[in-house]
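Have a look at the structure below before the remarks.
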Amino acid sequence: MAKGHDATLLALRLLTGTFLIYGTWDNITSAERMIEFTEFLRQFGFAAPSILAPLSVWAQFACGVMLVLGLLTRWAGLLICFNFIVAVVMVHWAEDFRGWWPAIILVGLGLHFSASGAGRFSIDAAILGAGQNDHD
């Protein structure tokens, strides 16, 4: 394993997790913001936006917390990947590549976390042991 890999993975987890928590906190704490997000999903043709809006927000928030803690990181990565593939297809598809960028980066980060795990500095490593979380 490359020297510094666990430290950079920790930094990437903290940045991504904090971004997801920060980006959803207003929807969690404000009914008005959740209604705005629900209407945003309705505008893009999502089925059952009143169900999908809180589901997406809470999934992103929970995944953000899991990344920060390094807990169930591989599963969080898969959920992030799925959530933002949907965002790319349903919301950003008609945009140019620059418009895709934030969502497509989160797809890539989700894939990375699902493949790499949390690294040594995580609850996953403490629970699973170093051998379960290696990324040779």
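Residues in the structure tokens are named by chain (A, B, ... in the order shown) and by number from 1 within that chain; ligands are numbered from 1 in the order shown.
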When you look at range 67-73 of chain A with a cut-off of 7 Å (counting only C-alpha atoms), what residues show up, excluding the ones that are within fewer than 2 positions of it in the same chain? I need them as an MDAnalysis selection string. chainID A and resid 13:14 17 63:65 75:77 113:114 117:118 122:124
Find the residues near Arg42 in chain A: any atom within 12 Å, counting only C-alpha atoms, skip ones fewer than 5 places away on the same chain, and give them as a count of residues only. 12
Nearest candidate to Leu78 in chain A (options A:Val107, A:Ile21, A:Ala125, A:Leu41; using only C-alpha atoms): A:Val107
Write down as a ChimeraX atom specification the residues of chain A whose backbone DSSP state falls under helix (DSSP H, G or I). /A:5-29,31-43,49-69,73-92,97-116,123-128,130-132
Nearest to Gly4 in chain A, chosen from A:Arg120, A:Ile127, A:Ile80, A:Gly108, with only C-alpha atoms counted in the distances: A:Arg120
Residue contacts of Trp25 in chain A (10 Å, only C-alpha atoms) excluding same-chain residues fewer than 4 positions away, as a PDB file with N, CA and C atoms, in the first residue's frame:
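Produced file selection09.pdb, reproduced below:
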ATOM      1  N   LEU A  20     -21.613  16.404   2.301  1.00  0.00           N
ATOM      2  CA  LEU A  20     -22.956  15.817   2.277  1.00  0.00           C
ATOM      3  C   LEU A  20     -23.779  16.269   3.475  1.00  0.00           C
ATOM      4  N   ILE A  21     -23.178  16.323   4.653  1.00  0.00           N
ATOM      5  CA  ILE A  21     -23.896  16.783   5.851  1.00  0.00           C
ATOM      6  C   ILE A  21     -24.307  18.241   5.676  1.00  0.00           C
ATOM      7  N   THR A  29     -33.480  20.519   8.700  1.00  0.00           N
ATOM      8  CA  THR A  29     -33.905  21.422   9.773  1.00  0.00           C
ATOM      9  C   THR A  29     -35.001  22.402   9.359  1.00  0.00           C
ATOM     10  N   SER A  30     -35.355  22.453   8.076  1.00  0.00           N
ATOM     11  CA  SER A  30     -36.349  23.410   7.615  1.00  0.00           C
ATOM     12  C   SER A  30     -37.379  22.717   6.727  1.00  0.00           C
ATOM     13  N   ARG A  33     -37.478  24.305   3.259  1.00  0.00           N
ATOM     14  CA  ARG A  33     -36.411  23.862   2.337  1.00  0.00           C
ATOM     15  C   ARG A  33     -36.717  22.458   1.801  1.00  0.00           C
ATOM     16  N   VAL A  57     -32.473  13.068   0.897  1.00  0.00           N
ATOM     17  CA  VAL A  57     -31.822  13.952   1.872  1.00  0.00           C
ATOM     18  C   VAL A  57     -31.284  13.147   3.045  1.00  0.00           C
ATOM     19  N   TRP A  58     -32.104  12.288   3.612  1.00  0.00           N
ATOM     20  CA  TRP A  58     -31.665  11.513   4.783  1.00  0.00           C
ATOM     21  C   TRP A  58     -30.590  10.500   4.413  1.00  0.00           C
ATOM     22  N   GLN A  60     -28.322  10.932   2.018  1.00  0.00           N
ATOM     23  CA  GLN A  60     -27.083  11.712   1.876  1.00  0.00           C
ATOM     24  C   GLN A  60     -26.533  12.115   3.242  1.00  0.00           C
ATOM     25  N   PHE A  61     -27.408  12.547   4.125  1.00  0.00           N
ATOM     26  CA  PHE A  61     -26.972  12.949   5.465  1.00  0.00           C
ATOM     27  C   PHE A  61     -26.357  11.762   6.207  1.00  0.00           C
TER      28      PHE A  61
END
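Using only C-alpha atoms, the residues found no farther than 10 Å from Leu106 in chain A, other than those of its own chain fewer than 6 positions away, are A:Thr16, A:Leu20, A:Gly77, A:Ile80, A:Cys81, A:Phe82, A:Asn83, A:Phe84, A:Ile85, A:His112.
We find CA of Ala115 in chain A and CA of Leu128 in chain A to be spaced 15.4 Å apart.
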